[in-house]
Each structure stands twice: as C-alpha cells, then as structure tokens.
>>> print(open('target04.pdb').read())   # PDB, C-alpha atoms and all ligand atoms
ATOM      1  CA  MET A  20      -4.194 -85.068  80.750
ATOM      2  CA  THR A  21      -2.431 -81.738  80.378
ATOM      3  CA  ALA A  22      -3.195 -80.092  77.083
ATOM      4  CA  ARG A  23      -0.702 -79.025  74.506
ATOM      5  CA  ILE A  24      -0.671 -75.222  74.384
ATOM      6  CA  ILE A  25      -1.245 -74.061  70.808
ATOM      7  CA  ASP A  26       1.424 -71.425  70.292
ATOM      8  CA  GLY A  27      -0.372 -68.943  68.051
ATOM      9  CA  ARG A  28       2.364 -66.374  68.480
ATOM     10  CA  GLY A  29       5.060 -68.790  67.309
ATOM     11  CA  ILE A  30       2.964 -70.144  64.428
ATOM     12  CA  ALA A  31       2.088 -66.595  63.330
ATOM     13  CA  GLY A  32       5.785 -65.646  63.471
ATOM     14  CA  THR A  33       6.766 -68.509  61.180
ATOM     15  CA  LEU A  34       3.974 -67.676  58.720
ATOM     16  CA  ARG A  35       4.992 -64.003  58.713
ATOM     17  CA  GLY A  36       8.572 -64.955  57.811
ATOM     18  CA  ALA A  37       7.289 -66.644  54.640
ATOM     19  CA  LEU A  38       4.810 -63.808  53.953
ATOM     20  CA  ALA A  39       7.612 -61.213  54.248
ATOM     21  CA  GLU A  40       9.579 -63.042  51.556
ATOM     22  CA  GLU A  41       6.563 -63.173  49.246
ATOM     23  CA  ALA A  42       5.750 -59.514  49.904
ATOM     24  CA  THR A  43       9.328 -58.551  49.031
ATOM     25  CA  THR A  44       9.202 -60.600  45.826
ATOM     26  CA  PHE A  45       5.921 -58.876  44.906
ATOM     27  CA  ALA A  46       7.419 -55.431  45.610
ATOM     28  CA  ASN A  47      10.525 -56.209  43.533
ATOM     29  CA  ARG A  48       8.332 -57.244  40.608
ATOM     30  CA  THR A  49       5.793 -54.450  40.734
ATOM     31  CA  GLY A  50       7.605 -51.569  42.413
ATOM     32  CA  ALA A  51       5.313 -51.446  45.474
ATOM     33  CA  PRO A  52       4.547 -53.855  48.337
ATOM     34  CA  PRO A  53       1.132 -55.482  48.886
ATOM     35  CA  THR A  54      -0.686 -52.679  50.684
ATOM     36  CA  ILE A  55      -3.712 -52.457  52.961
ATOM     37  CA  ALA A  56      -5.830 -49.377  53.697
ATOM     38  CA  VAL A  57      -7.353 -49.392  57.181
ATOM     39  CA  MET A  58     -10.240 -47.076  58.036
ATOM     40  CA  PHE A  59     -11.219 -46.481  61.614
ATOM     41  CA  VAL A  60     -13.289 -43.996  63.552
ATOM     42  CA  GLY A  61     -12.046 -41.861  66.436
ATOM     43  CA  GLY A  62      -8.859 -42.024  68.468
ATOM     44  CA  ASP A  63      -7.440 -43.643  71.611
ATOM     45  CA  GLY A  64      -9.977 -46.488  71.646
ATOM     46  CA  PRO A  65      -9.696 -50.170  70.661
ATOM     47  CA  SER A  66     -10.162 -49.266  66.948
ATOM     48  CA  GLU A  67      -7.114 -47.025  66.934
ATOM     49  CA  ARG A  68      -5.077 -49.565  68.922
ATOM     50  CA  TYR A  69      -5.970 -52.268  66.390
ATOM     51  CA  ALA A  70      -5.106 -49.917  63.493
ATOM     52  CA  ARG A  71      -1.722 -49.132  65.072
ATOM     53  CA  GLN A  72      -1.074 -52.836  65.621
ATOM     54  CA  ILE A  73      -1.822 -53.544  61.949
ATOM     55  CA  HIS A  74       0.451 -50.645  60.963
ATOM     56  CA  ARG A  75       3.341 -51.923  63.068
ATOM     57  CA  GLU A  76       3.018 -55.586  62.111
ATOM     58  CA  PHE A  77       2.426 -54.975  58.388
ATOM     59  CA  GLU A  78       5.468 -52.696  58.090
ATOM     60  CA  ARG A  79       7.576 -55.158  60.035
ATOM     61  CA  THR A  80       6.557 -57.871  57.549
ATOM     62  CA  SER A  81       7.464 -55.762  54.463
ATOM     63  CA  PHE A  82       3.834 -54.917  53.627
ATOM     64  CA  GLY A  83       2.494 -51.439  52.922
ATOM     65  CA  VAL A  84      -0.207 -49.865  55.090
ATOM     66  CA  ARG A  85      -2.228 -46.667  54.935
ATOM     67  CA  LEU A  86      -4.245 -45.581  57.930
ATOM     68  CA  HIS A  87      -7.355 -43.429  57.436
ATOM     69  CA  ARG A  88      -8.590 -41.988  60.709
ATOM     70  CA  LEU A  89     -12.185 -40.828  60.331
ATOM     71  CA  SER A  90     -13.868 -38.345  62.613
ATOM     72  CA  GLU A  91     -17.133 -39.219  64.397
ATOM     73  CA  GLU A  92     -18.819 -36.707  62.079
ATOM     74  CA  THR A  93     -17.806 -38.562  58.888
ATOM     75  CA  THR A  94     -20.952 -39.169  56.859
ATOM     76  CA  GLU A  95     -21.830 -42.433  55.179
ATOM     77  CA  SER A  96     -21.432 -40.866  51.728
ATOM     78  CA  GLU A  97     -17.962 -39.521  52.635
ATOM     79  CA  LEU A  98     -16.877 -42.976  53.769
ATOM     80  CA  ILE A  99     -18.332 -44.570  50.637
ATOM     81  CA  ALA A 100     -16.530 -41.957  48.483
ATOM     82  CA  LEU A 101     -13.250 -42.832  50.249
ATOM     83  CA  LEU A 102     -13.871 -46.538  49.593
ATOM     84  CA  ASP A 103     -14.516 -45.731  45.952
ATOM     85  CA  ALA A 104     -11.219 -43.803  45.689
ATOM     86  CA  VAL A 105      -9.282 -46.586  47.431
ATOM     87  CA  GLY A 106     -10.996 -49.102  45.147
ATOM     88  CA  ARG A 107      -9.625 -47.287  42.091
ATOM     89  CA  ASP A 108      -6.109 -46.834  43.527
ATOM     90  CA  PRO A 109      -3.881 -49.516  41.947
ATOM     91  CA  ASP A 110      -1.349 -49.218  44.792
ATOM     92  CA  VAL A 111      -3.874 -50.301  47.445
ATOM     93  CA  HIS A 112      -4.713 -53.996  47.335
ATOM     94  CA  GLY A 113      -6.700 -54.543  50.516
ATOM     95  CA  VAL A 114      -9.289 -52.591  52.497
ATOM     96  CA  LEU A 115     -10.365 -52.998  56.100
ATOM     97  CA  VAL A 116     -13.122 -50.867  57.614
ATOM     98  CA  GLU A 117     -13.029 -51.310  61.356
ATOM     99  CA  THR A 118     -16.223 -51.517  63.374
ATOM    100  CA  PRO A 119     -17.979 -50.095  65.286
ATOM    101  CA  LEU A 120     -18.975 -47.276  62.946
ATOM    102  CA  PRO A 121     -20.865 -44.180  64.170
ATOM    103  CA  PRO A 122     -24.646 -44.768  64.535
ATOM    104  CA  HIS A 123     -25.469 -42.641  61.466
ATOM    105  CA  VAL A 124     -23.354 -44.902  59.218
ATOM    106  CA  SER A 125     -24.837 -48.210  58.092
ATOM    107  CA  ALA A 126     -22.269 -51.008  58.393
ATOM    108  CA  GLN A 127     -24.324 -53.008  55.895
ATOM    109  CA  ARG A 128     -24.238 -50.306  53.189
ATOM    110  CA  VAL A 129     -20.541 -49.717  53.885
ATOM    111  CA  SER A 130     -19.757 -53.424  53.474
ATOM    112  CA  LEU A 131     -21.478 -53.278  50.055
ATOM    113  CA  ALA A 132     -19.161 -50.402  49.065
ATOM    114  CA  ILE A 133     -15.944 -52.306  49.830
ATOM    115  CA  PRO A 134     -14.374 -53.432  46.540
ATOM    116  CA  VAL A 135     -14.864 -57.225  46.436
ATOM    117  CA  MET A 136     -11.317 -57.926  45.165
ATOM    118  CA  LYS A 137      -9.852 -55.818  48.012
ATOM    119  CA  ASP A 138     -12.140 -57.101  50.781
ATOM    120  CA  VAL A 139      -9.389 -58.655  52.921
ATOM    121  CA  ASP A 140     -11.655 -59.312  55.918
ATOM    122  CA  GLY A 141     -14.324 -61.019  53.834
ATOM    123  CA  VAL A 142     -17.234 -58.782  54.838
ATOM    124  CA  HIS A 143     -18.718 -57.978  51.406
ATOM    125  CA  PRO A 144     -21.852 -60.062  50.806
ATOM    126  CA  VAL A 145     -20.253 -61.525  47.656
ATOM    127  CA  ASN A 146     -17.334 -62.918  49.667
ATOM    128  CA  ALA A 147     -19.665 -64.017  52.481
ATOM    129  CA  GLY A 148     -21.911 -65.739  49.922
ATOM    130  CA  LEU A 149     -19.003 -67.507  48.243
ATOM    131  CA  LEU A 150     -17.808 -68.685  51.649
ATOM    132  CA  PHE A 151     -21.337 -69.949  52.378
ATOM    133  CA  SER A 152     -21.404 -71.945  49.132
ATOM    134  CA  ASN A 153     -17.661 -72.730  49.289
ATOM    135  CA  SER A 154     -17.197 -71.816  45.652
ATOM    136  CA  GLY A 155     -14.870 -69.516  43.759
ATOM    137  CA  ASN A 156     -11.821 -67.611  44.946
ATOM    138  CA  TYR A 157     -13.304 -65.749  47.879
ATOM    139  CA  LEU A 158     -11.504 -63.811  50.586
ATOM    140  CA  ALA A 159     -12.417 -65.286  53.980
ATOM    141  CA  PRO A 160     -12.655 -63.351  57.274
ATOM    142  CA  ALA A 161      -9.271 -63.122  58.979
ATOM    143  CA  THR A 162     -10.133 -64.260  62.513
ATOM    144  CA  PRO A 163     -11.763 -67.623  61.706
ATOM    145  CA  SER A 164      -9.143 -68.220  58.985
ATOM    146  CA  GLY A 165      -6.574 -67.981  61.773
ATOM    147  CA  GLY A 166      -8.440 -70.593  63.843
ATOM    148  CA  ILE A 167      -8.541 -72.995  60.898
ATOM    149  CA  GLU A 168      -4.843 -72.401  60.219
ATOM    150  CA  LEU A 169      -4.021 -73.270  63.850
ATOM    151  CA  LEU A 170      -5.917 -76.570  63.568
ATOM    152  CA  GLU A 171      -4.010 -77.377  60.364
ATOM    153  CA  LYS A 172      -0.659 -76.468  61.883
ATOM    154  CA  ILE A 173      -1.165 -78.812  64.847
ATOM    155  CA  GLY A 174      -2.265 -81.581  62.483
ATOM    156  CA  VAL A 175      -5.936 -81.754  63.476
ATOM    157  CA  SER A 176      -8.383 -82.524  60.689
ATOM    158  CA  PRO A 177     -11.987 -81.475  61.382
ATOM    159  CA  ARG A 178     -13.257 -84.337  59.157
ATOM    160  CA  GLY A 179     -15.789 -86.495  60.971
ATOM    161  CA  ARG A 180     -15.431 -84.614  64.251
ATOM    162  CA  HIS A 181     -18.232 -82.885  66.109
ATOM    163  CA  ALA A 182     -17.318 -79.190  66.253
ATOM    164  CA  VAL A 183     -19.290 -76.934  68.581
ATOM    165  CA  VAL A 184     -18.995 -73.205  67.889
ATOM    166  CA  VAL A 185     -20.206 -70.907  70.671
ATOM    167  CA  GLY A 186     -21.074 -67.571  69.023
ATOM    168  CA  ARG A 187     -22.751 -66.738  65.713
ATOM    169  CA  SER A 188     -21.413 -63.313  64.712
ATOM    170  CA  ALA A 189     -20.930 -62.626  61.005
ATOM    171  CA  SER A 190     -17.203 -62.004  61.493
ATOM    172  CA  VAL A 191     -16.182 -64.874  63.787
ATOM    173  CA  GLY A 192     -18.659 -67.587  64.866
ATOM    174  CA  LYS A 193     -20.679 -68.089  61.683
ATOM    175  CA  PRO A 194     -17.776 -68.111  59.199
ATOM    176  CA  MET A 195     -15.803 -70.399  61.519
ATOM    177  CA  ALA A 196     -18.745 -72.816  61.596
ATOM    178  CA  PHE A 197     -18.925 -72.856  57.782
ATOM    179  CA  MET A 198     -15.171 -73.299  57.407
ATOM    180  CA  LEU A 199     -15.370 -76.324  59.721
ATOM    181  CA  LEU A 200     -18.378 -77.657  57.810
ATOM    182  CA  HIS A 201     -16.490 -77.311  54.511
ATOM    183  CA  ARG A 202     -13.752 -79.423  56.104
ATOM    184  CA  ASP A 203     -16.288 -82.164  56.830
ATOM    185  CA  ALA A 204     -16.882 -81.557  60.520
ATOM    186  CA  THR A 205     -20.379 -82.003  61.916
ATOM    187  CA  VAL A 206     -21.097 -78.562  63.299
ATOM    188  CA  THR A 207     -23.342 -77.242  66.046
ATOM    189  CA  ILE A 208     -23.662 -73.465  66.438
ATOM    190  CA  CYS A 209     -24.578 -72.108  69.889
ATOM    191  CA  HIS A 210     -25.674 -68.596  70.876
ATOM    192  CA  SER A 211     -27.166 -66.701  73.777
ATOM    193  CA  HIS A 212     -30.521 -68.559  73.512
ATOM    194  CA  THR A 213     -28.986 -72.021  73.356
ATOM    195  CA  ASP A 214     -30.427 -74.415  75.891
ATOM    196  CA  ARG A 215     -28.119 -76.933  77.624
ATOM    197  CA  LEU A 216     -24.882 -75.277  76.487
ATOM    198  CA  ARG A 217     -22.991 -77.458  78.914
ATOM    199  CA  ASP A 218     -24.242 -80.703  77.313
ATOM    200  CA  LEU A 219     -23.427 -79.457  73.828
ATOM    201  CA  VAL A 220     -19.925 -78.422  74.900
ATOM    202  CA  ALA A 221     -19.455 -81.871  76.441
ATOM    203  CA  SER A 222     -20.183 -83.467  73.063
ATOM    204  CA  ALA A 223     -17.552 -81.423  71.208
ATOM    205  CA  SER A 224     -14.389 -82.931  69.836
ATOM    206  CA  ILE A 225     -13.461 -79.423  68.652
ATOM    207  CA  LEU A 226     -14.752 -76.595  70.846
ATOM    208  CA  VAL A 227     -14.639 -73.072  69.438
ATOM    209  CA  ALA A 228     -15.444 -70.186  71.776
ATOM    210  CA  ALA A 229     -16.404 -66.838  70.211
ATOM    211  CA  ALA A 230     -18.870 -65.334  72.669
ATOM    212  CA  GLY A 231     -16.950 -62.517  74.331
ATOM    213  CA  VAL A 232     -17.995 -63.747  77.793
ATOM    214  CA  PRO A 233     -15.045 -64.280  80.155
ATOM    215  CA  GLY A 234     -14.777 -67.859  81.412
ATOM    216  CA  LEU A 235     -18.153 -68.861  79.905
ATOM    217  CA  ILE A 236     -16.924 -72.365  79.070
ATOM    218  CA  ARG A 237     -15.996 -74.247  82.221
ATOM    219  CA  GLY A 238     -13.086 -76.652  82.066
ATOM    220  CA  GLU A 239     -15.154 -79.458  83.605
ATOM    221  CA  TRP A 240     -17.719 -79.220  80.763
ATOM    222  CA  LEU A 241     -15.203 -80.294  78.132
ATOM    223  CA  GLN A 242     -14.948 -83.739  76.640
ATOM    224  CA  PRO A 243     -11.608 -85.279  77.680
ATOM    225  CA  GLY A 244      -9.171 -84.814  74.814
ATOM    226  CA  ALA A 245     -11.135 -82.010  73.135
ATOM    227  CA  ILE A 246      -9.315 -79.425  71.048
ATOM    228  CA  VAL A 247     -10.130 -75.892  72.166
ATOM    229  CA  ILE A 248      -9.897 -72.780  69.996
ATOM    230  CA  ASP A 249     -10.660 -69.720  72.115
ATOM    231  CA  PHE A 250     -11.285 -66.486  70.194
ATOM    232  CA  GLY A 251     -12.525 -64.619  73.261
ATOM    233  CA  VAL A 252     -10.681 -61.423  74.207
ATOM    234  CA  ASN A 253     -12.015 -60.093  77.510
ATOM    235  CA  VAL A 254     -10.406 -57.463  79.676
ATOM    236  CA  VAL A 255     -10.978 -58.339  83.315
ATOM    237  CA  GLY A 256      -9.197 -56.006  85.737
ATOM    238  CA  ASP A 257      -5.669 -55.733  84.394
ATOM    239  CA  GLN A 258      -5.819 -59.084  82.616
ATOM    240  CA  VAL A 259      -6.941 -60.260  79.200
ATOM    241  CA  ILE A 260      -8.692 -63.625  79.369
ATOM    242  CA  GLY A 261     -10.601 -65.834  76.993
ATOM    243  CA  ASP A 262     -14.091 -67.324  76.941
ATOM    244  CA  VAL A 263     -12.756 -70.641  78.229
ATOM    245  CA  GLU A 264     -11.656 -71.225  81.822
ATOM    246  CA  PHE A 265      -8.058 -71.823  80.808
ATOM    247  CA  VAL A 266      -6.480 -73.424  83.893
ATOM    248  CA  ALA A 267      -9.240 -76.015  84.356
ATOM    249  CA  ALA A 268      -9.644 -76.628  80.617
ATOM    250  CA  ARG A 269      -5.943 -77.340  80.206
ATOM    251  CA  GLU A 270      -6.326 -80.364  82.486
ATOM    252  CA  VAL A 271      -9.059 -81.899  80.312
ATOM    253  CA  ALA A 272      -8.385 -80.832  76.719
ATOM    254  CA  SER A 273      -5.683 -82.289  74.478
ATOM    255  CA  ALA A 274      -4.807 -78.933  72.907
ATOM    256  CA  ILE A 275      -5.865 -75.377  73.722
ATOM    257  CA  THR A 276      -5.132 -71.836  72.546
ATOM    258  CA  PRO A 277      -3.993 -69.490  75.325
ATOM    259  CA  VAL A 278      -5.348 -65.944  75.639
ATOM    260  CA  PRO A 279      -3.349 -63.897  74.870
ATOM    261  CA  GLY A 280      -0.957 -65.547  72.411
ATOM    262  CA  GLY A 281      -3.350 -67.977  70.701
ATOM    263  CA  THR A 282      -5.815 -66.845  68.067
ATOM    264  CA  GLY A 283      -5.010 -63.108  68.376
ATOM    265  CA  PRO A 284      -1.643 -63.040  66.564
ATOM    266  CA  MET A 285      -3.154 -65.160  63.788
ATOM    267  CA  THR A 286      -5.789 -62.564  62.861
ATOM    268  CA  VAL A 287      -3.298 -59.919  61.680
ATOM    269  CA  THR A 288      -1.291 -62.658  59.953
ATOM    270  CA  MET A 289      -4.373 -63.778  58.002
ATOM    271  CA  LEU A 290      -5.038 -60.145  57.036
ATOM    272  CA  MET A 291      -1.508 -60.089  55.606
ATOM    273  CA  ARG A 292      -2.081 -63.337  53.753
ATOM    274  CA  ASN A 293      -5.335 -62.026  52.271
ATOM    275  CA  THR A 294      -3.672 -58.733  51.293
ATOM    276  CA  LEU A 295      -0.915 -60.631  49.476
ATOM    277  CA  LEU A 296      -3.470 -62.886  47.766
ATOM    278  CA  ALA A 297      -5.583 -59.881  46.749
ATOM    279  CA  ALA A 298      -2.488 -58.064  45.419
ATOM    280  CA  GLN A 299      -1.410 -61.081  43.370
ATOM    281  CA  ARG A 300      -4.917 -61.506  41.900
ATOM    282  CA  GLN A 301      -5.217 -57.800  41.057
ATOM    283  CA  ARG A 302      -1.823 -57.932  39.364
ATOM    284  CA  MET A 303      -2.995 -60.920  37.317
ATOM    285  CA  PHE A 304      -6.128 -59.081  36.153
ATOM    286  CA  SER A 305      -4.488 -55.677  35.516
TER
HETATM  287  P1  LIG A 401     -20.287 -60.603  69.099
HETATM  288  O1  LIG A 401     -20.586 -60.009  67.786
HETATM  289  O2  LIG A 401     -20.657 -59.883  70.352
HETATM  290  O3  LIG A 401     -20.950 -62.067  69.133
HETATM  291  C1  LIG A 401     -20.958 -62.840  70.297
HETATM  292  C2  LIG A 401     -21.726 -64.107  70.051
HETATM  293  O4  LIG A 401     -21.687 -64.869  71.238
HETATM  294  C3  LIG A 401     -23.194 -63.863  69.715
HETATM  295  O5  LIG A 401     -23.579 -64.748  68.675
HETATM  296  C4  LIG A 401     -23.915 -64.190  71.015
HETATM  297  O6  LIG A 401     -25.206 -64.757  70.841
HETATM  298  C5  LIG A 401     -22.996 -65.259  71.609
HETATM  299  N1  LIG A 401     -23.113 -65.293  73.068
HETATM  300  C6  LIG A 401     -23.047 -64.251  73.922
HETATM  301  N2  LIG A 401     -23.233 -64.685  75.182
HETATM  302  C7  LIG A 401     -23.436 -66.019  75.111
HETATM  303  C8  LIG A 401     -23.712 -67.015  76.072
HETATM  304  N3  LIG A 401     -23.812 -66.733  77.385
HETATM  305  N4  LIG A 401     -23.873 -68.291  75.644
HETATM  306  C9  LIG A 401     -23.763 -68.605  74.333
HETATM  307  N5  LIG A 401     -23.513 -67.689  73.379
HETATM  308  C10 LIG A 401     -23.354 -66.404  73.759
HETATM  309  O7  LIG A 401     -18.717 -60.898  69.247
HETATM  310  P2  LIG A 401     -17.627 -61.267  68.120
HETATM  311  O8  LIG A 401     -17.273 -60.062  67.365
HETATM  312  O9  LIG A 401     -18.036 -62.507  67.405
HETATM  313  O10 LIG A 401     -16.390 -61.608  69.061
HETATM  314  C11 LIG A 401     -16.450 -62.692  69.969
HETATM  315  C12 LIG A 401     -15.189 -62.655  70.834
HETATM  316  O11 LIG A 401     -14.057 -62.792  69.981
HETATM  317  C13 LIG A 401     -14.995 -61.322  71.557
HETATM  318  O12 LIG A 401     -14.376 -61.574  72.803
HETATM  319  C14 LIG A 401     -14.034 -60.560  70.667
HETATM  320  O13 LIG A 401     -13.259 -59.613  71.376
HETATM  321  C15 LIG A 401     -13.174 -61.700  70.181
HETATM  322  N6  LIG A 401     -12.463 -61.468  68.937
HETATM  323  C16 LIG A 401     -11.228 -61.974  68.873
HETATM  324  C17 LIG A 401     -10.500 -61.868  67.723
HETATM  325  C18 LIG A 401      -9.159 -62.509  67.674
HETATM  326  O14 LIG A 401      -8.359 -62.144  66.825
HETATM  327  N7  LIG A 401      -8.883 -63.492  68.546
HETATM  328  C19 LIG A 401     -11.001 -61.167  66.630
HETATM  329  C20 LIG A 401     -12.312 -60.676  66.695
HETATM  330  C21 LIG A 401     -13.045 -60.845  67.862
HETATM  331  P3  LIG A 401     -26.430 -63.951  70.166
HETATM  332  O15 LIG A 401     -26.156 -63.996  68.680
HETATM  333  O16 LIG A 401     -27.624 -64.721  70.548
HETATM  334  O17 LIG A 401     -26.378 -62.557  70.716
END
>>> encode(input="target04.pdb", output="structure tokens", more="lines below")
Ligand code: NAP
Amino acid sequence: MTARIIDGRGIAGTLRGALAEEATTFANRTGAPPTIAVMFVGGDGPSERYARQIHREFERTSFGVRLHRLSEETTESELIALLDAVGRDPDVHGVLVETPLPPHVSAQRVSLAIPVMKDVDGVHPVNAGLLFSNSGNYLAPATPSGGIELLEKIGVSPRGRHAVVVGRSASVGKPMAFMLLHRDATVTICHSHTDRLRDLVASASILVAAAGVPGLIRGEWLQPGAIVIDFGVNVVGDQVIGDVEFVAAREVASAITPVPGGTGPMTVTMLMRNTLLAAQRQRMFS
C-alpha cells in the first residue's frame, strides 16, 4: 500500500480563501479586520520567524496583525500590563504569547493574564478546562485543531478507532488526545516513560506523533492502513523532518501528513479561524 499524502498546504490554502472572505465581510461591517496581537521575546530566533510568518500570512488573508517584540529584560509585570492593555483594546480580537519566555517570567501566570475571549491559542486555564470538559464555546489550541481539521477534510472519523498520541504537551499532545476522545476515539497517550511504544503504535488506527524526536516512529511499527498525523518539526542538517520515518511509513499507512507541508500550514490557518471567531463573538457582546 502506498499512502495518500495529506496535502496540508493545499487544504490550508482553500480554508484561507474562505477565511479571507469572512475577514473582509467583518472589516466592511465594523471598519477594522479581525486582528491578532503577537508577543514574542528576542530577535532572529524561531519565535521571531514564527511571528513574521503569522504577520505575512495574516495580512495576505485580509486579517490585521500587530507584532510586539519584547526584550529579554521585559519583566512579568510589564508583560501582564501589556496583556491588560491589549485586552481592553476593542480593535484587537486575538492574543498570542509565544513561548519560550525568559526564565524570570512565569508562563503559567502569563497564561492567566491572557483575556479569555481573545485567547486564540487556547492556553488560558478556562479555555483548557472547557476543552477538557468539552463544554461551552471555548477557543481550542491551534496546532491540534489543525490535525483534527485534516482528518475531517480527508473524510476520516475518529469514532470507534484506536488513536495513539505520542506526546503529552499542553499545547499539542494532550489537547489533541482530548479532541480525539470527544470525537469518540479510544485514545492512548504515550510519553517519554511509555513502555513498549512500538506495540502501542502497532495497535493504532490513527497515529499522532507530537514528540519532537526525528524519526521516532518507524514505518515498520505501523498498523497497515493506519492514518498518520505527524506534528513533529525537527531540523536535521539542512532538512526539516517529522517524528515519523516518512518514506517507510508511506508504504504501510493509508494516509500520512508530510513534513513540511502537512500539519504546519494548518496551525496558522487555525489561528486565523480562532481570531475570526473571537472577533465575531466580541462584536456580538459589545
Ligand atoms: P514538547 O513540549 O517538547 O513535548 C514533547 C512530548 O513528547 C513530551 O510529552 C515528551 O514526553 C514526549 N516524548 C519525547 N520523547 C519521547 C519518546 N522518545 N517517546 C515517547 N514520547 C516522547 O513538544 P511540543 O511543543 O508538544 O511539540 C512536539 C513537536 O511538534 C515538536 O517537534 C514541535 O516542533 C512540533 N510542533 C509543530 C507544530 C505544527 O504546527 N506542526 C506546532 C507546535 C509544535 P514527556 O512528557 O515524558 O517529557
């Protein structure tokens, strides 16, 4: 079997076309586009590159974006004051605080200071709690939302399937596991202390990799016909590769996301979708 390649770039492009139309409609009605504020620390590193990517892609899709570059010396109270100001600004609808933050700034206290209605990456404990209980109109983290969207777009329902999620971070693995559970999958979560990873992977009908370990999941471990969602982004030499051994996995799986071009383009697209949703809700309540 040679797997279908899940074209995240193409799917994201189609979704962005529709989002651009909705963003333009919103701007025509309210006088300003749905707008995100992105806060990041330092320059020239991955945080700045991600901020620039968001800037480029949001503007291209008729969204507004404000970048706030913070110096390494920014104190926790300065960052919290900025979040407070952005929270009160009616022209900013979404807020993303990139990690890592400097060691003297507590990511946990910062996440509590993000306005819940503008928390477009779903990091505030209220949004995380609503995701956990699957109740209310919560904003879900962008990266796993993109993985779920890819499954939907290729017509795969998680219902009744065994989904194995490798990785348990608060931003990727854990929310992905809960999103699959809420869609009636039977879910196993694996992490760095998991025994017999290979056997668990072999029992997966949907395999999600979110470990950040290049080639951790061997193609030969997969169940024939498995669907593979690879979130891994690993720079090896001059290449970016996933957590799944792509060439071997493609011969066993029925569908697989490539790296790059799979889950990556979906993350920014889901940030746009959440920013639009947040803007529409704030408009409704203003
Ligand atoms: P993270 O916070 O470092 O979490 C990694 C998780 O993988 C942890 O739960 C860790 O277990 C587990 N793990 C590490 N080594 C393992 C092993 N050998 N076997 C089983 N589990 C193992 O990383 P993250 O932020 O979730 O990101 C994961 C990957 O996704 C990274 O490559 C990152 O660059 C990528 N990413 C991609 C996107 C996208 O848009 N596609 C967005 C965000 C992140 P413990 O909990 O036991 O330590």
>>> resolve_selection(input="target04.pdb", expression="the PyMOL selection byres (((not hetatm)) within 7 of (chain A and resi 401))", output="MDAnalysis selection string")
chainID A and resid 162 185:188 190:192 209:213 229:232 235 250:253 282:286
>>> residues_around(input="target04.pdb", residues="Leu226 in chain A", least_positions_apart="4", cutoff="12 Å", atoms="all atoms listed in the file", output="ChimeraX atom specification")
/A:166,170,177,180-186,192,195-196,199,204-209,216-217,219-222,236-238,240-250,262-263,268,272-276
>>> residues_around(input="target04.pdb", residues="Gln72 in chain A", least_positions_apart="3", cutoff="12 Å", atoms="only C-alpha atoms", output="ChimeraX atom specification")
/A:57,65-69,75-79,84,86,283-284,286-288,290
>>> residues_near_point(input="target04.pdb", point="(-20.1, -56.6, 53.4)", cutoff="8 Å", atoms="all atoms listed in the file", output="list in words")
Ala126, Gln127, Arg128, Val129, Ser130, Leu131, Ala132, Ile133, Gly141, Val142, His143, Pro144, Val145, Asn146 and Ala147 of chain A
>>> atom_distance(input="target04.pdb", atom1="CA of Pro122 in chain A", atom2="CA of Glu91 in chain A")
9.3 Å
>>> closest_residue(input="target04.pdb", among="A:Asp26, A:Leu169, A:Leu295, A:Met303", to="Thr43 in chain A", atoms="all atoms listed in the file")
A:Leu295
>>> resolve_selection(input="target04.pdb", expression="the PyMOL selection byres (((chain A and resi 111) around 9) and not hetatm)", output="list in words")
Pro53, Thr54, Ile55, Ala56, Gly83, Val84, Arg85, Val105, Gly106, Arg107, Asp108, Pro109, Asp110, His112, Gly113, Val114, Lys137 and Ala298 of chain A
>>> axis_aligned_box(input="target04.pdb", around="range 184-194 of chain A", padding_each_side="6 Å", output="AutoDock Vina command-line options")
--center_x -19.5 --center_y -67.6 --center_z 64.9 --size_x 18.6 --size_y 23.2 --size_z 23.5
>>> atom_distance(input="target04.pdb", atom1="CA of Ile225 in chain A", atom2="CA of Pro279 in chain A")
19.5 Å
>>> closest_residue(input="target04.pdb", among="A:Asp140, A:Asp63, A:Asp218, A:Glu270", to="Met291 in chain A", atoms="only C-alpha atoms")
A:Asp140
>>> resolve_selection(input="target04.pdb", expression="the PyMOL selection byres (((chain A and resi 39) around 10) and not hetatm)", output="VMD selection string")
chain A and resid 34 to 38 40 to 45 52 77 to 82 291 to 292 295
>>> write_last_selection(input="target04.pdb", atoms="C-alpha atoms", output="compact mmCIF listing (two decimals), in the coordinates of the input")
# COMPACT_ATOMS: atom_id res chain seq x y z
CA LEU A 34 3.97 -67.68 58.72
CA ARG A 35 4.99 -64.00 58.71
CA GLY A 36 8.57 -64.96 57.81
CA ALA A 37 7.29 -66.64 54.64
CA LEU A 38 4.81 -63.81 53.95
CA GLU A 40 9.58 -63.04 51.56
CA GLU A 41 6.56 -63.17 49.25
CA ALA A 42 5.75 -59.51 49.90
CA THR A 43 9.33 -58.55 49.03
CA THR A 44 9.20 -60.60 45.83
CA PHE A 45 5.92 -58.88 44.91
CA PRO A 52 4.55 -53.86 48.34
CA PHE A 77 2.43 -54.98 58.39
CA GLU A 78 5.47 -52.70 58.09
CA ARG A 79 7.58 -55.16 60.04
CA THR A 80 6.56 -57.87 57.55
CA SER A 81 7.46 -55.76 54.46
CA PHE A 82 3.83 -54.92 53.63
CA MET A 291 -1.51 -60.09 55.61
CA ARG A 292 -2.08 -63.34 53.75
CA LEU A 295 -0.92 -60.63 49.48
>>> atom_distance(input="target04.pdb", atom1="CA of Arg48 in chain A", atom2="CA of Ile73 in chain A")
23.9 Å
>>> closest_residue(input="target04.pdb", among="A:His201, A:His74, A:Lys172, A:Arg215", to="Ser154 in chain A", atoms="only C-alpha atoms")
A:His201
